[in-house]
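Peer 1: Dropping in upload_38.txt, which is compact mmCIF, C-alpha atoms and all ligand atoms:
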```
# COMPACT_ATOMS: atom_id res chain seq x y z
CA MET A 8 82.47 113.76 103.45
CA ASN A 9 83.10 114.25 107.11
CA ILE A 10 86.30 116.29 107.35
CA ILE A 11 88.25 116.40 110.61
CA ILE A 12 91.28 118.68 110.80
CA VAL A 13 93.70 117.97 113.63
CA LYS A 14 96.94 119.58 114.69
CA ASN A 15 99.49 116.95 113.78
CA TYR A 16 100.30 113.33 112.90
CA ASN A 17 99.86 112.06 116.48
CA ASP A 18 96.42 113.62 116.83
CA MET A 19 95.45 112.18 113.44
CA SER A 20 96.57 108.71 114.53
CA ARG A 21 94.73 108.92 117.87
CA LYS A 22 91.50 110.13 116.28
CA ALA A 23 91.61 107.33 113.71
CA ALA A 24 92.37 104.75 116.42
CA HIS A 25 89.30 105.90 118.37
CA LEU A 26 87.10 105.28 115.34
CA PHE A 27 88.60 101.83 114.83
CA VAL A 28 88.24 100.93 118.51
CA GLY A 29 84.59 102.06 118.35
CA GLN A 30 84.06 99.87 115.29
CA ILE A 31 85.54 96.78 116.99
CA LEU A 32 83.60 97.37 120.21
CA GLN A 33 80.38 97.75 118.26
CA LYS A 34 81.08 94.69 116.10
CA PRO A 35 83.75 92.34 117.51
CA ASP A 36 83.82 90.32 114.27
CA SER A 37 84.40 93.40 112.14
CA VAL A 38 86.02 93.07 108.73
CA LEU A 39 88.72 95.74 108.56
CA GLY A 40 90.42 97.04 105.44
CA LEU A 41 94.04 97.92 106.19
CA ALA A 42 96.68 100.02 104.48
CA THR A 43 100.45 100.39 104.45
CA GLY A 44 102.78 103.37 104.01
CA SER A 45 104.06 105.69 106.72
CA THR A 46 100.65 107.29 107.28
CA PRO A 47 98.83 104.49 109.19
CA VAL A 48 101.82 103.44 111.35
CA GLY A 49 100.76 105.75 114.21
CA LEU A 50 97.20 104.42 114.04
CA TYR A 51 98.53 100.85 114.35
CA THR A 52 100.72 101.87 117.31
CA GLU A 53 97.64 103.32 119.03
CA LEU A 54 95.60 100.18 118.31
CA ILE A 55 98.37 98.02 119.81
CA LYS A 56 98.21 100.19 122.96
CA PHE A 57 94.44 99.79 123.22
CA TYR A 58 94.87 96.04 122.78
CA LYS A 59 97.59 95.80 125.44
CA GLU A 60 95.43 97.79 127.85
CA GLY A 61 92.72 95.17 127.34
CA MET A 62 90.27 97.55 125.71
CA ILE A 63 89.92 95.68 122.42
CA ASP A 64 90.12 92.10 121.27
CA PHE A 65 91.08 91.08 117.72
CA ASN A 66 90.18 87.40 118.13
CA ASP A 67 87.13 87.61 115.88
CA VAL A 68 88.34 90.43 113.63
CA GLN A 69 89.14 89.76 109.96
CA ALA A 70 91.43 92.01 107.95
CA PHE A 71 92.15 92.58 104.29
CA ASN A 72 95.04 94.69 103.08
CA LEU A 73 94.66 96.99 100.13
CA ASP A 74 97.66 95.96 98.11
CA GLU A 75 100.99 94.19 97.73
CA TYR A 76 104.00 94.62 95.48
CA LEU A 77 104.47 91.95 92.86
CA GLU A 78 107.53 89.77 93.11
CA LEU A 79 108.46 90.54 96.71
CA LYS A 80 108.33 87.52 99.00
CA PRO A 81 106.42 88.02 102.29
CA SER A 82 109.79 87.78 104.08
CA HIS A 83 111.18 90.76 102.10
CA GLU A 84 111.49 93.73 104.45
CA GLN A 85 109.69 96.03 102.01
CA SER A 86 106.82 93.67 101.26
CA TYR A 87 103.53 94.82 102.68
CA ALA A 88 103.10 91.38 104.30
CA TYR A 89 106.28 92.03 106.31
CA PHE A 90 105.20 95.59 107.08
CA MET A 91 101.88 94.41 108.52
CA GLN A 92 103.54 91.74 110.68
CA LYS A 93 106.00 94.21 112.16
CA ASN A 94 103.67 97.16 112.57
CA LEU A 95 100.51 95.42 113.73
CA PHE A 96 99.81 91.71 113.44
CA GLU A 97 102.61 90.33 115.61
CA HIS A 98 101.57 92.64 118.45
CA ILE A 99 97.86 91.74 118.64
CA ASN A 100 95.77 88.59 118.88
CA ILE A 101 94.38 88.59 115.35
CA ARG A 102 94.30 85.00 114.08
CA PRO A 103 96.66 84.31 111.13
CA GLU A 104 93.84 82.67 109.17
CA ASN A 105 91.84 85.88 109.56
CA TYR A 106 94.17 88.36 107.93
CA HIS A 107 94.70 88.54 104.22
CA ILE A 108 97.11 90.30 101.90
CA PRO A 109 97.20 89.71 98.14
CA SER A 110 100.07 87.38 97.27
CA GLY A 111 102.79 89.16 95.33
CA THR A 112 104.38 85.88 94.33
CA ALA A 113 101.37 83.89 93.09
CA ASN A 114 102.08 82.10 89.80
CA TYR A 115 98.80 83.18 88.29
CA GLN A 116 98.31 86.83 89.12
CA GLU A 117 94.87 87.18 87.53
CA LYS A 118 93.64 84.16 89.49
CA GLU A 119 95.11 85.66 92.67
CA CYS A 120 93.11 88.85 92.06
CA GLU A 121 89.91 86.84 91.60
CA ARG A 122 90.64 84.76 94.70
CA TYR A 123 91.22 87.90 96.77
CA GLU A 124 88.08 89.65 95.61
CA ALA A 125 86.04 86.47 96.31
CA LEU A 126 87.53 86.20 99.80
CA ILE A 127 86.38 89.74 100.63
CA ALA A 128 82.89 88.94 99.37
CA GLU A 129 82.84 85.69 101.39
CA ALA A 130 83.70 87.66 104.53
CA GLY A 131 80.62 89.79 103.89
CA GLY A 132 82.49 92.85 102.61
CA ILE A 133 84.59 95.37 104.50
CA ASP A 134 83.07 97.24 107.44
CA LEU A 135 85.76 99.89 107.83
CA GLN A 136 88.56 100.63 105.38
CA ILE A 137 91.57 102.76 106.23
CA LEU A 138 93.24 104.65 103.39
CA GLY A 139 96.30 106.81 102.93
CA ILE A 140 96.71 108.93 99.82
CA GLY A 141 99.58 109.18 97.35
CA ARG A 142 100.88 112.61 96.28
CA ASN A 143 99.28 111.92 92.91
CA GLY A 144 95.94 111.20 94.58
CA HIS A 145 96.17 107.42 94.41
CA ILE A 146 94.39 105.21 96.92
CA GLY A 147 95.69 101.69 97.42
CA PHE A 148 97.73 101.48 94.23
CA ASN A 149 94.95 102.86 92.03
CA GLU A 150 96.99 105.29 90.00
CA PRO A 151 95.65 108.27 88.01
CA ASP A 152 93.36 107.34 85.11
CA ILE A 153 92.23 104.12 86.76
CA LYS A 154 88.73 102.95 85.89
CA PHE A 155 86.33 103.49 88.78
CA GLU A 156 84.73 100.08 88.04
CA ALA A 157 88.02 98.23 88.65
CA ILE A 158 88.06 95.46 91.24
CA THR A 159 91.22 93.76 92.56
CA HIS A 160 93.72 93.82 89.72
CA VAL A 161 97.35 94.04 88.67
CA VAL A 162 98.60 97.62 88.38
CA GLN A 163 101.62 99.33 86.83
CA LEU A 164 102.96 101.88 89.28
CA ASP A 165 103.25 105.52 88.31
CA GLU A 166 106.69 107.06 88.00
CA GLN A 167 105.88 109.42 90.88
CA THR A 168 104.84 106.50 93.09
CA ILE A 169 108.06 104.62 92.28
CA ASN A 170 110.07 107.75 93.12
CA ASP A 171 108.10 108.33 96.33
CA ASN A 172 108.63 104.73 97.45
CA ALA A 173 112.33 104.70 96.53
CA ARG A 174 113.12 105.99 100.02
CA PHE A 175 112.33 102.54 101.42
CA PHE A 176 114.75 100.73 99.08
CA ASP A 177 118.57 100.84 98.72
CA ASN A 178 118.29 101.66 95.05
CA ILE A 179 115.45 103.06 92.92
CA ASP A 180 115.91 100.10 90.54
CA ASP A 181 114.89 97.79 93.39
CA VAL A 182 111.43 99.40 93.72
CA PRO A 183 108.83 97.05 92.20
CA LYS A 184 107.08 98.49 89.15
CA THR A 185 103.92 96.44 89.53
CA ALA A 186 101.53 95.48 92.32
CA ILE A 187 98.19 93.87 93.06
CA SER A 188 95.66 96.33 94.44
CA MET A 189 92.02 96.31 95.48
CA GLY A 190 90.24 98.35 92.84
CA ILE A 191 88.26 101.54 93.31
CA LYS A 192 85.03 99.53 93.18
CA THR A 193 86.30 97.18 95.91
CA ILE A 194 87.19 100.18 98.07
CA MET A 195 83.89 101.96 97.38
CA GLN A 196 81.97 98.86 98.48
CA SER A 197 83.33 99.23 102.03
CA ARG A 198 80.59 100.29 104.41
CA GLY A 199 82.80 102.93 106.00
CA ILE A 200 86.05 104.59 104.95
CA ILE A 201 88.59 106.63 106.89
CA LEU A 202 91.26 108.42 104.88
CA LEU A 203 94.31 109.82 106.66
CA ALA A 204 96.77 112.39 105.37
CA SER A 205 99.59 114.22 107.07
CA GLY A 206 102.15 116.72 105.87
CA ILE A 207 102.36 119.53 103.33
CA GLU A 208 103.38 117.16 100.50
CA LYS A 209 99.83 115.73 100.58
CA ALA A 210 98.09 119.14 100.57
CA ASP A 211 97.43 119.33 96.80
CA ALA A 212 96.06 115.78 96.61
CA VAL A 213 93.84 116.40 99.66
CA ALA A 214 92.51 119.69 98.26
CA GLY A 215 91.72 118.01 94.93
CA MET A 216 90.08 115.04 96.60
CA ILE A 217 87.75 117.22 98.67
CA GLY A 218 87.16 120.31 96.60
CA GLY A 219 87.98 119.30 93.06
CA LYS A 220 86.24 117.53 90.23
CA ILE A 221 85.43 113.83 90.59
CA THR A 222 87.80 112.34 88.06
CA PRO A 223 89.92 109.21 87.51
CA GLU A 224 92.84 111.64 87.09
CA LEU A 225 92.69 112.01 90.87
CA PRO A 226 91.48 108.59 92.02
CA ALA A 227 90.74 109.69 95.63
CA SER A 228 88.16 112.20 94.34
CA VAL A 229 85.78 109.24 93.91
CA LEU A 230 85.39 109.28 97.69
CA GLN A 231 83.13 112.33 97.30
CA LEU A 232 80.55 109.78 96.13
CA HIS A 233 80.81 107.50 99.17
CA PRO A 234 78.04 107.86 101.77
CA ASN A 235 80.21 107.23 104.82
CA VAL A 236 83.71 108.62 104.52
CA THR A 237 85.71 110.45 107.16
CA ILE A 238 88.83 112.35 106.17
CA ILE A 239 91.24 113.00 109.04
CA VAL A 240 94.01 115.41 108.05
CA ASP A 241 96.57 117.40 109.95
CA GLU A 242 96.85 121.17 109.51
CA ALA A 243 99.65 120.91 106.94
CA ALA A 244 97.78 118.42 104.74
CA ALA A 245 94.60 120.49 105.11
CA SER A 246 96.28 123.78 104.25
CA LYS A 247 95.06 123.92 100.62
CA ILE A 248 91.46 122.73 101.11
CA PRO A 249 89.17 125.44 99.67
CA SER A 250 87.47 127.22 102.61
CA LYS A 251 83.99 126.49 101.16
CA ASN A 252 84.67 122.79 101.74
CA ILE A 253 85.56 123.01 105.42
C1 LIG A 301 101.69 103.46 98.87
C2 LIG A 301 100.47 102.64 99.28
C3 LIG A 301 99.27 103.52 99.59
C4 LIG A 301 99.68 104.66 100.50
C5 LIG A 301 100.72 105.50 99.81
C6 LIG A 301 101.15 106.71 100.61
O1 LIG A 301 101.72 103.79 97.54
N1 LIG A 301 100.11 101.67 98.32
O2 LIG A 301 98.25 102.73 100.16
O3 LIG A 301 98.56 105.43 100.84
O4 LIG A 301 101.84 104.67 99.58
O5 LIG A 301 102.24 106.40 101.44
P1 LIG A 301 102.66 107.23 102.70
O6 LIG A 301 101.62 106.98 103.74
O7 LIG A 301 103.98 106.64 103.10
O8 LIG A 301 102.74 108.64 102.29
```
Could you take the file, read its structure, and then write that structure out as structure tokens?
Peer 2:
Amino acid sequence: MNIIIVKNYNDMSRKAAHLFVGQILQKPDSVLGLATGSTPVGLYTELIKFYKEGMIDFNDVQAFNLDEYLELKPSHEQSYAYFMQKNLFEHINIRPENYHIPSGTANYQEKECERYEALIAEAGGIDLQILGIGRNGHIGFNEPDIKFEAITHVVQLDEQTINDNARFFDNIDDVPKTAISMGIKTIMQSRGIILLASGIEKADAVAGMIGGKITPELPASVLQLHPNVTIIVDEAAASKIPSKNI
């Protein structure tokens, strides 16, 4: 694991954007794995700036999002499809046929999972995947005790995740309880991974991911086994990493 500790959220976002820009310059038809949540918003803002300055072109880029809530239409303000439009896609020249998000409203959810996994394989796999981390150590929506062999699948959200995400909804009862998520195996098949974390509330999960046991109880700990993973954390999120790991 390549661990980069930066001062704050803005520095984390800039550093991650540089790695993404490098990836796109090196391979203009890169397949990117994208994430939602508050963590990658700054990265997307930086990428939009680079695009507007003419430094990168998304015309040949393909993108796959990690996950989507079940039962929210893409027009719902809290759907991840909506989030991606507002925070990235509508500001850059990525082609609509080139970005993909699991459908939360597909009639046959299992079929949708298979379709999504096949689409990633057809694109040749993911070159660079961005990840956030949940306070319980989840990546995507792979909650504690997930099987590491899981591919894209339907997940039941943890109580902590539902509570954490309640801030985006008017009422906690409105938070979806289920989602479709790339599995740990899907994520681990990415050729490169960048995980971002900011803020003291992520410090325990980050410390466990880097310095703890590799265990499904803390899904992100599986990243210790990936050959090309960069963790970019701000000082608060890094504050509990055991010194032997830095
Ligand atoms: C959700 C997403 C994750 C994300 C996590 C953390 O559960 N499915 O991909 O990493 O939230 O969110 P935040 O970045 O807002 O802390």
Peer 1: Could you list, as a ChimeraX atom specification, all the residues within 6 Å of ligand LIG 301 (chain A), counting only C-alpha atoms and all ligand atoms?
Peer 2: /A:42-46,138-141,146-148
Peer 1: What separation in Å, quoted to one decimal, exists between CA of Glu166 in chain A and CA of Ile187 in chain A?
Peer 2: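 Separating CA of Glu166 in chain A from CA of Ile187 in chain A is a distance of 16.5 Å.
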Peer 1: Give me the range 167-242 of chain A side of the contact with range 113-124 of chain A, cut-off 12 Å, one line per residue showing its nearest atom pair and distance in Å at one decimal, counting all atoms listed in the file, sorted by chain and residue number, as a Markdown table.
Peer 2:
```
| residue | atom | partner | partner_atom | distance |
| --- | --- | --- | --- | --- |
| A:Thr185 | CA | A:Gln116 | CA | 11.1 |
| A:Ala186 | CA | A:Gln116 | CA | 9.8 |
| A:Ile187 | CA | A:Cys120 | CA | 7.2 |
| A:Ser188 | CA | A:Cys120 | CA | 8.3 |
| A:Met189 | CA | A:Glu124 | CA | 7.7 |
| A:Gly190 | CA | A:Glu124 | CA | 9.4 |
| A:Lys192 | CA | A:Glu124 | CA | 10.6 |
| A:Thr193 | CA | A:Glu124 | CA | 7.7 |
| A:Ile194 | CA | A:Glu124 | CA | 10.9 |
| A:Gln196 | CA | A:Glu124 | CA | 11.4 |
```
Peer 1: Restrict the calculation to only C-alpha atoms, then for each residue of range 110-148 of chain A with any atom at most 10 Å from an atom of range 79-89 of chain A give the closest atom pair and their distance in Å to one decimal, rows by chain and rising residue number, as a Markdown table.
Peer 2:
```
| residue | atom | partner | partner_atom | distance |
| --- | --- | --- | --- | --- |
| A:Ser110 | CA | A:Pro81 | CA | 8.1 |
| A:Gly111 | CA | A:Leu79 | CA | 6.0 |
| A:Thr112 | CA | A:Lys80 | CA | 6.3 |
| A:Ala113 | CA | A:Lys80 | CA | 9.8 |
```
Peer 1: Looking at all atoms listed in the file, which of A:Tyr76, A:Leu135, A:Gly218, A:Ala130 is the one that sits closest to Ile31 in chain A?
Peer 2: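 Closest residue, counting all atoms listed in the file: A:Leu135.
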Peer 1: Here is a test: counting all atoms listed in the file, which residue of A:Leu73, A:Gln33, A:His233, A:Asp67 is nearest to Ile99 in chain A?
Peer 2: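 Under the stated criterion, the closest residue is A:Asp67.
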Peer 1: What's the 9 Å shell around Leu39 in chain A, counting all atoms listed in the file, without same-chain residues fewer than 6 positions away, as JSON, numbers by chain?
Peer 2: {"A": [27, 68, 69, 70, 71, 72, 133, 134, 135, 136, 137]}
Peer 1: Fewer than 3 positions away in the same chain doesn't count, so skip those; otherwise give me all residues within 10 Å of His25 in chain A, counting only C-alpha atoms, as an mmCIF file with C-alpha atoms, keeping the file's coordinate frame.
Peer 2:
```
data_model
loop_
_atom_site.group_PDB
_atom_site.id
_atom_site.type_symbol
_atom_site.label_atom_id
_atom_site.label_comp_id
_atom_site.auth_asym_id
_atom_site.auth_seq_id
_atom_site.Cartn_x
_atom_site.Cartn_y
_atom_site.Cartn_z
ATOM 1 C CA SER A 20 96.570 108.710 114.530
ATOM 2 C CA ARG A 21 94.730 108.920 117.870
ATOM 3 C CA LYS A 22 91.500 110.130 116.280
ATOM 4 C CA VAL A 28 88.240 100.930 118.510
ATOM 5 C CA GLY A 29 84.590 102.060 118.350
ATOM 6 C CA GLN A 30 84.060 99.870 115.290
ATOM 7 C CA ILE A 31 85.540 96.780 116.990
ATOM 8 C CA LEU A 50 97.200 104.420 114.040
ATOM 9 C CA GLU A 53 97.640 103.320 119.030
ATOM 10 C CA LEU A 54 95.600 100.180 118.310
ATOM 11 C CA PHE A 57 94.440 99.790 123.220
#
```
Peer 1: Got a sec: who's within 12 Å of range 212-216 of chain A, counting all atoms listed in the file, leaving out chain neighbours fewer than 4 positions off, as a short mmCIF file (atom, residue, chain, number, x, y, z; two decimals) with C-alpha atoms, keeping the file's coordinate frame?
Peer 2:
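Resulting contents of part_36.cif:
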```
data_model
loop_
_atom_site.label_atom_id
_atom_site.label_comp_id
_atom_site.auth_asym_id
_atom_site.auth_seq_id
_atom_site.Cartn_x
_atom_site.Cartn_y
_atom_site.Cartn_z
CA MET A 8 82.47 113.76 103.45
CA ILE A 10 86.30 116.29 107.35
CA ILE A 12 91.28 118.68 110.80
CA GLY A 139 96.30 106.81 102.93
CA ILE A 140 96.71 108.93 99.82
CA GLY A 141 99.58 109.18 97.35
CA ARG A 142 100.88 112.61 96.28
CA ASN A 143 99.28 111.92 92.91
CA GLY A 144 95.94 111.20 94.58
CA HIS A 145 96.17 107.42 94.41
CA ILE A 146 94.39 105.21 96.92
CA PRO A 151 95.65 108.27 88.01
CA LEU A 202 91.26 108.42 104.88
CA LEU A 203 94.31 109.82 106.66
CA ALA A 204 96.77 112.39 105.37
CA SER A 205 99.59 114.22 107.07
CA GLY A 206 102.15 116.72 105.87
CA ILE A 207 102.36 119.53 103.33
CA GLU A 208 103.38 117.16 100.50
CA LYS A 220 86.24 117.53 90.23
CA ILE A 221 85.43 113.83 90.59
CA THR A 222 87.80 112.34 88.06
CA PRO A 223 89.92 109.21 87.51
CA GLU A 224 92.84 111.64 87.09
CA LEU A 225 92.69 112.01 90.87
CA PRO A 226 91.48 108.59 92.02
CA ALA A 227 90.74 109.69 95.63
CA SER A 228 88.16 112.20 94.34
CA VAL A 229 85.78 109.24 93.91
CA LEU A 230 85.39 109.28 97.69
CA GLN A 231 83.13 112.33 97.30
CA LEU A 232 80.55 109.78 96.13
CA ILE A 238 88.83 112.35 106.17
CA ILE A 239 91.24 113.00 109.04
CA VAL A 240 94.01 115.41 108.05
CA ASP A 241 96.57 117.40 109.95
CA GLU A 242 96.85 121.17 109.51
CA ALA A 243 99.65 120.91 106.94
CA ALA A 244 97.78 118.42 104.74
CA ALA A 245 94.60 120.49 105.11
CA SER A 246 96.28 123.78 104.25
CA LYS A 247 95.06 123.92 100.62
CA ILE A 248 91.46 122.73 101.11
CA PRO A 249 89.17 125.44 99.67
CA SER A 250 87.47 127.22 102.61
CA LYS A 251 83.99 126.49 101.16
CA ASN A 252 84.67 122.79 101.74
CA ILE A 253 85.56 123.01 105.42
#
```
Peer 1: Here is a test: counting all atoms listed in the file, which residue of A:Asn15, A:Asn235, A:Asn178, A:Asn172 is nearest to Ile201 in chain A?
Peer 2: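 That would be A:Asn235, the residue with the smallest distance to Ile201 in chain A.
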Peer 1: Calculate how many Å separate CA of Asn94 in chain A from CA of Tyr51 in chain A, rounding to one decimal.
Peer 2: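 Straight-line distance from CA of Asn94 in chain A to CA of Tyr51 in chain A works out to 6.6 Å.
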Peer 1: Go through A:Asp181, A:Asp74, A:Glu104, A:Glu97 one by one, measure the shortest atom-to-atom distance of each to Val162 in chain A using all atoms listed in the file, and give the residue with the smallest value.
Peer 2: A:Asp74
Peer 1: Assuming the input is short of atoms at range 210-240 of chain A, produce N, CA and C atoms for that part as a short mmCIF file (atom, residue, chain, number, x, y, z; two decimals), in the coordinates of the input.
Peer 2:
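Result file is result_5.cif:
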```cif
data_model
loop_
_atom_site.label_atom_id
_atom_site.label_comp_id
_atom_site.auth_asym_id
_atom_site.auth_seq_id
_atom_site.Cartn_x
_atom_site.Cartn_y
_atom_site.Cartn_z
N ALA A 210 99.10 118.07 100.57
CA ALA A 210 98.09 119.14 100.57
C ALA A 210 97.36 119.27 99.22
N ASP A 211 98.09 119.17 98.11
CA ASP A 211 97.43 119.33 96.80
C ASP A 211 96.47 118.17 96.54
N ALA A 212 96.92 116.97 96.83
CA ALA A 212 96.06 115.78 96.61
C ALA A 212 94.81 115.87 97.48
N VAL A 213 94.98 116.30 98.73
CA VAL A 213 93.84 116.40 99.66
C VAL A 213 92.85 117.46 99.17
N ALA A 214 93.39 118.61 98.74
CA ALA A 214 92.51 119.69 98.26
C ALA A 214 91.72 119.22 97.04
N GLY A 215 92.39 118.52 96.14
CA GLY A 215 91.72 118.01 94.93
C GLY A 215 90.67 116.97 95.28
N MET A 216 91.00 116.11 96.20
CA MET A 216 90.08 115.04 96.60
C MET A 216 88.78 115.61 97.18
N ILE A 217 88.93 116.68 97.97
CA ILE A 217 87.75 117.22 98.67
C ILE A 217 87.02 118.27 97.85
N GLY A 218 87.80 119.15 97.23
CA GLY A 218 87.16 120.31 96.60
C GLY A 218 87.17 120.29 95.09
N GLY A 219 87.84 119.30 94.52
CA GLY A 219 87.98 119.30 93.06
C GLY A 219 86.93 118.44 92.37
N LYS A 220 87.13 118.32 91.06
CA LYS A 220 86.24 117.53 90.23
C LYS A 220 86.42 116.03 90.54
N ILE A 221 85.32 115.29 90.42
CA ILE A 221 85.43 113.83 90.59
C ILE A 221 85.95 113.27 89.27
N THR A 222 87.17 112.77 89.31
CA THR A 222 87.80 112.34 88.06
C THR A 222 88.82 111.22 88.30
N PRO A 223 88.89 110.26 87.38
CA PRO A 223 89.92 109.21 87.51
C PRO A 223 91.33 109.78 87.52
N GLU A 224 91.50 111.03 87.05
CA GLU A 224 92.84 111.64 87.09
C GLU A 224 93.32 111.81 88.53
N LEU A 225 92.35 111.95 89.45
CA LEU A 225 92.69 112.01 90.87
C LEU A 225 91.83 110.95 91.57
N PRO A 226 92.33 109.71 91.59
CA PRO A 226 91.48 108.59 92.02
C PRO A 226 90.74 108.83 93.35
N ALA A 227 91.38 109.50 94.32
CA ALA A 227 90.74 109.69 95.63
C ALA A 227 89.50 110.57 95.55
N SER A 228 89.34 111.33 94.46
CA SER A 228 88.16 112.20 94.34
C SER A 228 86.87 111.39 94.29
N VAL A 229 86.96 110.10 93.95
CA VAL A 229 85.78 109.24 93.91
C VAL A 229 85.13 109.14 95.29
N LEU A 230 85.92 109.40 96.32
CA LEU A 230 85.39 109.28 97.69
C LEU A 230 84.29 110.31 97.96
N GLN A 231 84.23 111.37 97.15
CA GLN A 231 83.13 112.33 97.30
C GLN A 231 81.78 111.64 97.09
N LEU A 232 81.79 110.50 96.43
CA LEU A 232 80.55 109.78 96.13
C LEU A 232 80.20 108.73 97.18
N HIS A 233 81.07 108.55 98.16
CA HIS A 233 80.81 107.50 99.17
C HIS A 233 79.95 108.08 100.30
N PRO A 234 78.94 107.31 100.75
CA PRO A 234 78.04 107.86 101.77
C PRO A 234 78.61 107.93 103.18
N ASN A 235 79.72 107.26 103.44
CA ASN A 235 80.21 107.23 104.82
C ASN A 235 81.73 107.29 104.85
N VAL A 236 82.24 108.47 104.54
CA VAL A 236 83.71 108.62 104.52
C VAL A 236 84.14 109.74 105.45
N THR A 237 85.15 109.46 106.25
CA THR A 237 85.71 110.45 107.16
C THR A 237 87.15 110.70 106.76
N ILE A 238 87.47 111.97 106.55
CA ILE A 238 88.83 112.35 106.17
C ILE A 238 89.46 112.98 107.41
N ILE A 239 90.55 112.41 107.89
CA ILE A 239 91.24 113.00 109.04
C ILE A 239 92.60 113.51 108.55
N VAL A 240 92.78 114.80 108.60
CA VAL A 240 94.01 115.41 108.05
C VAL A 240 94.63 116.34 109.07
#
```
